[in-house]
>>> print(open('run25.txt').read())   # compact mmCIF, C-alpha atoms
# COMPACT_ATOMS: atom_id res chain seq x y z
CA MET T 27 -28.71 26.40 -25.36
CA LEU T 28 -26.11 27.84 -22.99
CA ARG T 29 -24.62 24.42 -22.24
CA ALA T 30 -24.50 23.57 -25.97
CA ALA T 31 -22.90 26.92 -26.80
CA ALA T 32 -20.31 26.44 -24.03
CA ALA T 33 -19.51 22.93 -25.28
CA TYR T 34 -19.00 24.17 -28.84
CA GLY T 35 -17.15 27.25 -27.52
CA TRP T 36 -14.35 25.47 -25.67
CA ARG T 37 -13.93 23.01 -28.55
CA LEU T 38 -13.57 25.91 -30.99
CA ILE T 39 -11.06 27.58 -28.65
CA ILE T 40 -8.93 24.42 -28.59
CA VAL T 41 -9.15 23.99 -32.36
CA GLY T 42 -8.27 27.66 -32.86
CA ALA T 43 -5.27 27.34 -30.54
CA VAL T 44 -4.03 24.28 -32.43
CA VAL T 45 -4.45 26.00 -35.79
CA TYR T 46 -2.66 29.09 -34.48
CA ALA T 47 0.21 26.94 -33.16
CA VAL T 48 0.51 25.20 -36.53
CA PHE T 49 0.69 28.51 -38.38
CA VAL T 50 3.24 29.87 -35.91
CA ALA T 51 5.39 26.78 -36.47
CA LEU T 52 5.07 27.12 -40.23
CA GLY T 53 5.99 30.80 -39.93
CA LYS T 54 9.17 29.93 -38.05
CA PHE T 55 10.18 27.69 -40.93
CA HIS T 56 8.57 29.74 -43.68
CA LEU T 57 11.42 29.16 -46.14
CA VAL T 58 11.09 25.39 -45.79
CA THR T 59 7.29 25.62 -46.03
CA LEU T 60 7.52 27.75 -49.15
CA ALA T 61 10.08 25.40 -50.69
CA VAL T 62 7.83 22.36 -50.10
CA PHE T 63 4.88 24.25 -51.56
CA LEU T 64 6.88 25.18 -54.68
CA GLY T 65 8.07 21.58 -54.91
CA LEU T 66 4.44 20.42 -54.94
CA VAL T 67 3.65 23.03 -57.62
CA LEU T 68 6.51 21.77 -59.81
CA THR T 69 5.34 18.20 -59.23
CA ALA T 70 1.78 19.05 -60.25
CA LEU T 71 2.99 20.78 -63.43
CA LEU T 72 5.61 18.24 -64.49
CA GLU T 73 3.88 15.00 -63.50
CA PRO T 74 1.93 14.60 -66.79
CA LEU T 75 5.09 15.16 -68.83
CA THR T 76 7.07 12.80 -66.60
CA SER T 77 4.40 10.09 -66.89
CA LEU T 78 4.37 10.51 -70.66
CA LEU T 79 8.16 10.19 -70.90
CA ASN T 80 8.07 7.23 -68.53
CA ARG T 81 6.39 5.18 -71.26
CA TRP T 82 9.62 5.17 -73.27
CA MET T 83 12.32 5.54 -70.61
CA PRO T 84 12.98 4.70 -66.95
CA ARG T 85 11.29 6.81 -64.30
CA SER T 86 14.51 8.45 -63.11
CA VAL T 87 15.46 9.48 -66.66
CA ALA T 88 11.93 10.76 -67.27
CA VAL T 89 12.08 12.90 -64.11
CA ALA T 90 15.47 14.34 -65.07
CA SER T 91 14.29 15.06 -68.63
CA GLY T 92 11.11 16.79 -67.43
CA LEU T 93 12.98 18.98 -64.94
CA LEU T 94 15.62 19.82 -67.56
CA LEU T 95 12.93 20.89 -70.04
CA GLY T 96 11.31 23.06 -67.37
CA ILE T 97 14.63 24.74 -66.49
CA VAL T 98 15.40 25.36 -70.18
CA LEU T 99 11.95 26.92 -70.63
CA LEU T 100 12.45 29.19 -67.61
CA PHE T 101 15.88 30.40 -68.72
CA GLY T 102 14.54 30.86 -72.24
CA VAL T 103 11.83 33.21 -70.96
CA LEU T 104 14.38 35.13 -68.86
CA SER T 105 16.70 35.44 -71.88
CA LEU T 106 13.80 36.72 -73.99
CA ILE T 107 13.02 39.36 -71.37
CA GLY T 108 16.65 40.45 -71.17
CA ALA T 109 17.00 40.67 -74.96
CA ASN T 110 13.76 42.65 -75.20
CA VAL T 111 14.80 45.15 -72.53
CA ALA T 112 18.29 45.54 -74.02
CA GLY T 113 16.90 46.06 -77.52
CA GLU T 114 14.40 48.71 -76.45
CA TRP T 115 16.50 50.46 -73.80
CA ALA T 116 17.77 53.38 -75.89
CA GLY T 117 14.41 54.17 -77.45
CA LEU T 118 12.66 53.57 -74.15
CA ARG T 119 14.87 56.12 -72.41
CA ARG T 120 14.07 58.77 -75.04
CA GLU T 121 10.35 58.00 -74.83
CA PHE T 122 10.41 58.23 -71.03
CA ASP T 123 12.19 61.59 -71.15
CA GLY T 124 9.54 62.89 -73.52
CA GLY T 125 6.83 61.22 -71.44
CA VAL T 126 7.95 62.98 -68.28
CA ALA T 127 7.78 66.28 -70.11
CA ARG T 128 4.27 65.44 -71.35
CA ILE T 129 3.16 64.54 -67.84
CA GLU T 130 4.50 67.85 -66.53
CA ARG T 131 2.58 69.76 -69.23
CA TRP T 132 -0.56 67.76 -68.43
CA LEU T 133 -0.22 68.55 -64.71
CA GLN T 134 0.10 72.25 -65.55
CA GLY T 135 -3.13 72.18 -67.61
CA PRO T 136 -6.72 71.39 -66.66
CA PRO T 137 -8.02 69.91 -64.45
CA VAL T 138 -4.94 69.86 -62.16
CA HIS T 139 -3.48 73.35 -62.90
CA LEU T 140 -0.19 72.88 -61.03
CA SER T 141 2.21 75.78 -61.35
CA ARG T 142 5.81 75.50 -62.49
CA ASP T 143 6.97 76.51 -59.02
CA THR T 144 5.01 73.62 -57.47
CA LEU T 145 6.52 71.10 -59.89
CA ALA T 146 10.00 72.52 -59.32
CA HIS T 147 9.47 72.32 -55.57
CA LEU T 148 8.33 68.69 -55.93
CA GLN T 149 11.44 67.78 -57.96
CA THR T 150 13.64 69.51 -55.39
CA TRP T 151 11.93 67.64 -52.58
CA VAL T 152 12.50 64.29 -54.33
CA ARG T 153 16.22 65.07 -54.86
CA ARG T 154 16.58 66.17 -51.24
CA PHE T 155 14.80 63.07 -50.00
CA VAL T 156 17.05 60.78 -52.04
CA SER T 157 20.22 62.54 -50.88
CA THR T 158 19.09 62.57 -47.24
CA HIS T 159 18.06 58.93 -47.16
CA ARG T 160 20.83 57.66 -49.41
CA SER T 161 22.33 55.47 -46.70
CA ALA T 162 18.95 53.92 -45.91
CA LEU T 163 18.30 53.29 -49.59
CA ILE T 164 21.72 51.68 -50.00
CA SER T 165 21.19 49.45 -46.96
CA THR T 166 17.78 48.46 -48.32
CA ALA T 167 19.35 47.57 -51.64
CA LEU T 168 22.06 45.56 -49.88
CA SER T 169 19.43 43.72 -47.83
CA GLY T 170 17.92 42.71 -51.15
CA VAL T 171 21.03 40.59 -51.67
CA ASP T 172 20.00 38.51 -48.66
CA ARG T 173 16.56 38.12 -50.23
CA ILE T 174 18.17 36.88 -53.43
CA VAL T 175 20.17 34.31 -51.46
CA GLU T 176 17.00 33.19 -49.66
CA ALA T 177 15.12 32.93 -52.96
CA ALA T 178 17.93 30.86 -54.47
CA THR T 179 17.92 28.57 -51.42
CA VAL T 180 14.16 28.12 -51.63
CA GLY T 181 14.42 27.40 -55.37
CA VAL T 182 17.12 24.76 -54.94
CA LEU T 183 15.24 23.08 -52.07
CA ALA T 184 11.99 23.13 -54.07
CA LEU T 185 13.77 21.52 -57.02
CA PHE T 186 15.26 18.91 -54.69
CA CYS T 187 11.85 18.08 -53.21
CA SER T 188 10.16 17.92 -56.61
CA VAL T 189 12.72 15.36 -57.82
CA PHE T 190 11.69 12.92 -55.09
CA PHE T 191 7.99 13.80 -55.33
CA LEU T 192 8.03 13.03 -59.05
CA HIS T 193 10.15 9.92 -58.72
CA SER T 194 8.58 8.23 -55.69
CA GLY T 195 5.81 10.45 -54.36
CA SER T 196 3.20 7.67 -54.43
CA ARG T 197 5.51 5.32 -52.49
CA MET T 198 6.16 8.05 -49.92
CA TRP T 199 2.40 8.53 -49.44
CA ARG T 200 1.79 4.77 -49.13
CA TRP T 201 4.55 4.57 -46.52
CA PHE T 202 2.93 7.39 -44.56
CA GLY T 203 -0.47 5.69 -44.72
CA GLY T 204 1.09 2.43 -43.57
CA GLN T 205 2.20 4.06 -40.30
CA LEU T 206 -1.39 4.84 -39.30
CA PRO T 207 -3.81 2.54 -37.46
CA GLY T 208 -5.90 0.36 -39.73
CA ALA T 209 -9.15 2.25 -39.06
CA ARG T 210 -7.55 5.57 -40.04
CA ARG T 211 -5.99 4.49 -43.33
CA ARG T 212 -9.07 4.69 -45.55
CA PRO T 213 -10.16 8.22 -44.47
CA VAL T 214 -6.58 9.49 -44.80
CA ARG T 215 -6.20 7.84 -48.21
CA LEU T 216 -9.43 9.38 -49.50
CA ALA T 217 -8.59 12.78 -48.01
CA GLY T 218 -5.10 12.72 -49.54
CA ARG T 219 -6.47 11.78 -52.95
CA ALA T 220 -9.03 14.59 -52.80
CA ALA T 221 -6.40 17.08 -51.65
CA TRP T 222 -3.95 16.17 -54.42
CA THR T 223 -6.67 16.20 -57.09
CA THR T 224 -7.78 19.66 -56.01
CA PHE T 225 -4.23 20.99 -55.74
CA THR T 226 -3.15 19.67 -59.16
CA GLY T 227 -6.35 20.93 -60.75
CA TYR T 228 -5.89 24.39 -59.24
CA THR T 229 -2.20 24.59 -60.14
CA ARG T 230 -2.64 23.55 -63.77
CA GLY T 231 -5.75 25.69 -64.10
CA ILE T 232 -4.15 28.85 -62.71
CA VAL T 233 -1.13 28.37 -64.98
CA LEU T 234 -3.43 28.09 -68.00
CA VAL T 235 -5.42 31.17 -66.93
CA ALA T 236 -2.21 33.13 -66.31
CA ALA T 237 -0.80 32.12 -69.71
CA ILE T 238 -3.98 33.24 -71.52
CA ASN T 239 -3.98 36.54 -69.61
CA ALA T 240 -0.32 37.12 -70.47
CA VAL T 241 -0.91 36.45 -74.17
CA LEU T 242 -3.90 38.80 -74.27
CA VAL T 243 -2.01 41.55 -72.44
CA GLY T 244 1.13 41.10 -74.55
CA VAL T 245 -0.79 41.27 -77.84
CA ALA T 246 -2.77 44.32 -76.70
CA LEU T 247 0.35 46.18 -75.53
CA PHE T 248 2.18 45.31 -78.76
CA ILE T 249 -0.70 46.64 -80.89
CA LEU T 250 -0.81 49.83 -78.80
CA GLY T 251 2.94 50.27 -79.23
CA VAL T 252 3.67 50.26 -75.49
CA PRO T 253 7.36 49.53 -74.84
CA LEU T 254 8.46 46.48 -72.85
CA ALA T 255 5.41 44.53 -73.97
CA VAL T 256 7.09 41.15 -73.37
CA PRO T 257 8.33 41.89 -69.81
CA LEU T 258 4.95 43.37 -68.91
CA ALA T 259 3.20 40.26 -70.29
CA VAL T 260 5.48 38.07 -68.16
CA LEU T 261 4.66 40.27 -65.15
CA GLU T 262 0.98 39.71 -65.89
CA PHE T 263 1.60 35.95 -66.01
CA PHE T 264 3.14 35.82 -62.54
CA ALA T 265 0.69 38.37 -61.10
CA ALA T 266 -2.26 36.23 -62.21
CA PHE T 267 -1.28 33.68 -59.54
CA ILE T 268 -2.87 36.07 -57.02
CA PRO T 269 -6.60 35.83 -57.90
CA LEU T 270 -8.67 39.00 -58.26
CA VAL T 271 -5.76 41.26 -57.27
CA GLY T 272 -2.65 40.34 -59.27
CA SER T 273 -3.87 41.14 -62.79
CA PRO T 274 -5.11 44.67 -61.98
CA VAL T 275 -1.81 45.47 -60.23
CA ALA T 276 0.25 44.24 -63.21
CA LEU T 277 -1.90 46.19 -65.66
CA ALA T 278 -1.59 49.29 -63.46
CA VAL T 279 2.20 49.03 -63.89
CA ALA T 280 1.65 48.72 -67.64
CA ALA T 281 -0.58 51.80 -67.53
CA VAL T 282 2.17 53.81 -65.83
CA VAL T 283 4.64 52.71 -68.53
CA ALA T 284 2.13 53.63 -71.24
CA LEU T 285 1.50 57.03 -69.62
CA ALA T 286 5.20 57.87 -69.55
CA ALA T 287 5.94 56.51 -73.03
CA LYS T 288 2.78 57.10 -75.08
CA GLY T 289 0.66 59.64 -73.25
CA PRO T 290 -2.65 59.64 -71.35
CA VAL T 291 -4.83 58.29 -74.20
CA ILE T 292 -2.89 55.02 -74.53
CA ALA T 293 -2.67 54.83 -70.74
CA LEU T 294 -6.47 55.15 -70.52
CA ILE T 295 -6.86 52.30 -73.02
CA VAL T 296 -4.54 50.15 -70.89
CA VAL T 297 -6.66 51.01 -67.84
CA LEU T 298 -9.72 49.81 -69.76
CA LEU T 299 -7.84 46.56 -70.33
CA ILE T 300 -8.02 46.00 -66.57
CA VAL T 301 -11.81 45.83 -66.84
CA VAL T 302 -11.79 43.71 -70.02
CA ILE T 303 -9.21 41.19 -68.74
CA GLY T 304 -11.02 41.02 -65.40
CA GLN T 305 -14.32 40.21 -67.11
CA ILE T 306 -12.72 37.55 -69.32
CA GLU T 307 -10.92 36.00 -66.36
CA GLY T 308 -13.92 36.09 -64.03
CA HIS T 309 -16.72 35.09 -66.42
CA VAL T 310 -14.97 32.90 -69.04
CA LEU T 311 -11.65 31.47 -67.90
CA HIS T 312 -12.38 30.68 -64.27
CA PRO T 313 -15.77 29.02 -64.92
CA LEU T 314 -14.34 26.92 -67.76
CA VAL T 315 -10.91 26.09 -66.34
CA MET T 316 -11.13 26.37 -62.55
CA SER T 317 -14.70 25.35 -61.72
CA ARG T 318 -13.87 21.65 -61.26
CA ALA T 319 -10.81 22.29 -59.11
CA VAL T 320 -11.90 25.28 -57.02
CA GLN T 321 -15.51 25.31 -55.88
CA LEU T 322 -15.30 28.48 -53.83
CA HIS T 323 -17.44 31.59 -53.91
CA PRO T 324 -15.66 34.75 -55.15
CA VAL T 325 -16.18 36.33 -51.72
CA VAL T 326 -14.33 33.41 -50.11
CA VAL T 327 -11.54 33.77 -52.68
CA ALA T 328 -11.22 37.50 -52.00
CA LEU T 329 -11.20 37.04 -48.22
CA SER T 330 -8.64 34.23 -48.54
CA VAL T 331 -6.32 36.41 -50.62
CA VAL T 332 -6.58 39.33 -48.18
CA CYS T 333 -6.07 37.16 -45.11
CA GLY T 334 -3.11 35.41 -46.74
CA ALA T 335 -1.54 38.75 -47.69
CA VAL T 336 -2.01 40.13 -44.16
CA THR T 337 -0.54 36.97 -42.63
CA ALA T 338 2.43 36.29 -44.91
CA GLY T 339 2.62 38.99 -47.57
CA VAL T 340 2.75 38.10 -51.26
CA ALA T 341 3.59 34.45 -50.55
CA GLY T 342 0.53 34.19 -48.30
CA ALA T 343 -1.69 35.70 -50.98
CA ILE T 344 -0.47 33.10 -53.48
CA VAL T 345 -0.82 30.13 -51.11
CA ALA T 346 -4.16 31.15 -49.54
CA VAL T 347 -6.60 30.10 -52.28
CA PRO T 348 -5.13 26.63 -53.00
CA LEU T 349 -4.86 26.01 -49.24
CA VAL T 350 -8.52 26.91 -48.64
CA SER T 351 -9.54 24.85 -51.69
CA VAL T 352 -7.67 21.79 -50.45
CA VAL T 353 -9.09 22.11 -46.93
CA TRP T 354 -12.62 22.45 -48.30
CA SER T 355 -12.26 19.41 -50.58
CA VAL T 356 -10.86 17.30 -47.72
CA TYR T 357 -13.72 18.41 -45.49
CA GLY T 358 -16.24 17.42 -48.16
CA VAL T 359 -14.73 13.94 -48.51
CA LEU T 360 -14.52 13.31 -44.77
CA ARG T 361 -18.04 14.61 -44.16
CA ALA T 362 -19.44 12.06 -46.62
CA LEU T 363 -17.84 9.13 -44.77
CA PRO T 364 -19.84 7.30 -42.09
CA ALA T 365 -18.96 8.01 -38.48
CA ALA T 366 -17.79 4.43 -38.02
CA SER T 367 -14.83 5.10 -40.33
CA PHE T 368 -13.23 7.31 -37.66
CA ARG T 369 -13.65 4.98 -34.69
CA THR T 370 -10.78 2.87 -33.47
CA PRO T 371 -11.89 -0.74 -33.00
>>> encode(input="run25.txt", output="structure tokens")
Amino acid sequence: MLRAAAAYGWRLIIVGAVVYAVFVALGKFHLVTLAVFLGLVLTALLEPLTSLLNRWMPRSVAVASGLLLGIVLLFGVLSLIGANVAGEWAGLRREFDGGVARIERWLQGPPVHLSRDTLAHLQTWVRRFVSTHRSALISTALSGVDRIVEAATVGVLALFCSVFFLHSGSRMWRWFGGQLPGARRRPVRLAGRAAWTTFTGYTRGIVLVAAINAVLVGVALFILGVPLAVPLAVLEFFAAFIPLVGSPVALAVAAVVALAAKGPVIALIVVLLIVVIGQIEGHVLHPLVMSRAVQLHPVVVALSVVCGAVTAGVAGAIVAVPLVSVVWSVYGVLRALPAASFRTP
């Protein structure tokens, strides 16, 4: 038993070192890695539309038309958000002023019972903190400009990669397979097919789940009269890409807006939406939409999200679940192959 454990132990140490080195290398080029990942996401989303358009037009024209429709849709959503915020800004400011006053009265009553002096001291402390750390806040805001430039660079590179993935991705994969020894081509081909099937299934499924969540949240907030219902619904859409965590965080932001604008009762209803949306997502949408693409236990999903967030922040939390799903699907395909498939003649 000791010899067997030692044999497995040093093999696991080597594998762990290789995996760690790969992640360190990816971290050094995290912008490029993120751009390639986003390019694969765009390819998975636009490939059905591109293939449909390719029936009536050349492949290059179909790719350009699909990307153009996607860009128009994105800018249309951003324009809708801007118009919604601009249209509600004046009323929203009045509601927030009244909401802050309501929150102060609520804090002075039961069960908190804060005195006016305590609230005044808190306001004074906030003003003093802002004035003291003004330079740090300004430098943080200016550093956000660098983040915007990085995001724009990643977006352009992702768009560039998706153009070639959509146009000649299959030829690129065949060329890669042709560089391998003959005995390795079949396992790599099967593993690549399983990985792409899982990735496309996850990407399209999570987009559908996020869209349904956003519609449900937007309709509920509109019925409750919460301001900025459209921007909050869009926030819910993007937050849903982080499984188990994103939707509650987005709805918590909506609850804060409802508390400031409509009072604690409406805010409590929005908090209840967190439970309702979570149940719909976990027991209806994911089993129906995601079960074929992602065959992972919820505990594995939760641990993947947490580990991804600890490793690479929000981007890691988004990438973690599809990465684990792809690795698991590839492992399942390779495990089913006979051992002779991996031997070099």
>>> closest_residue(input="run25.txt", among="T:Leu185, T:Ile344, T:Val180, T:Ala284", to="His56 of chain T", atoms="all atoms listed in the file")
T:Val180
>>> atom_distance(input="run25.txt", atom1="atom CA of Val89 of chain T", atom2="atom CA of Ala217 of chain T")
26.2 Å
>>> closest_residue(input="run25.txt", among="T:Ala266, T:Gly208, T:Ala47, T:Ala33", to="Leu311 of chain T", atoms="only C-alpha atoms")
T:Ala266
>>> atom_distance(input="run25.txt", atom1="atom CA of Leu261 of chain T", atom2="atom CA of Ala109 of chain T")
15.8 Å
>>> closest_residue(input="run25.txt", among="T:Leu299, T:Ala265, T:Ala178, T:Val352", to="Ala281 of chain T", atoms="only C-alpha atoms")
T:Leu299
>>> closest_residue(input="run25.txt", among="T:Val356, T:Val243, T:Ala278, T:Val214", to="Phe202 of chain T", atoms="only C-alpha atoms")
T:Val214
>>> atom_distance(input="run25.txt", atom1="atom CA of Tyr46 of chain T", atom2="atom CA of Ala221 of chain T")
21.3 Å
>>> closest_residue(input="run25.txt", among="T:Gln305, T:Leu294, T:Arg361, T:Glu73", to="Ser196 of chain T", atoms="all atoms listed in the file")
T:Glu73
>>> closest_residue(input="run25.txt", among="T:Arg230, T:Lys288, T:Lys54, T:Arg197", to="Val315 of chain T", atoms="only C-alpha atoms")
T:Arg230
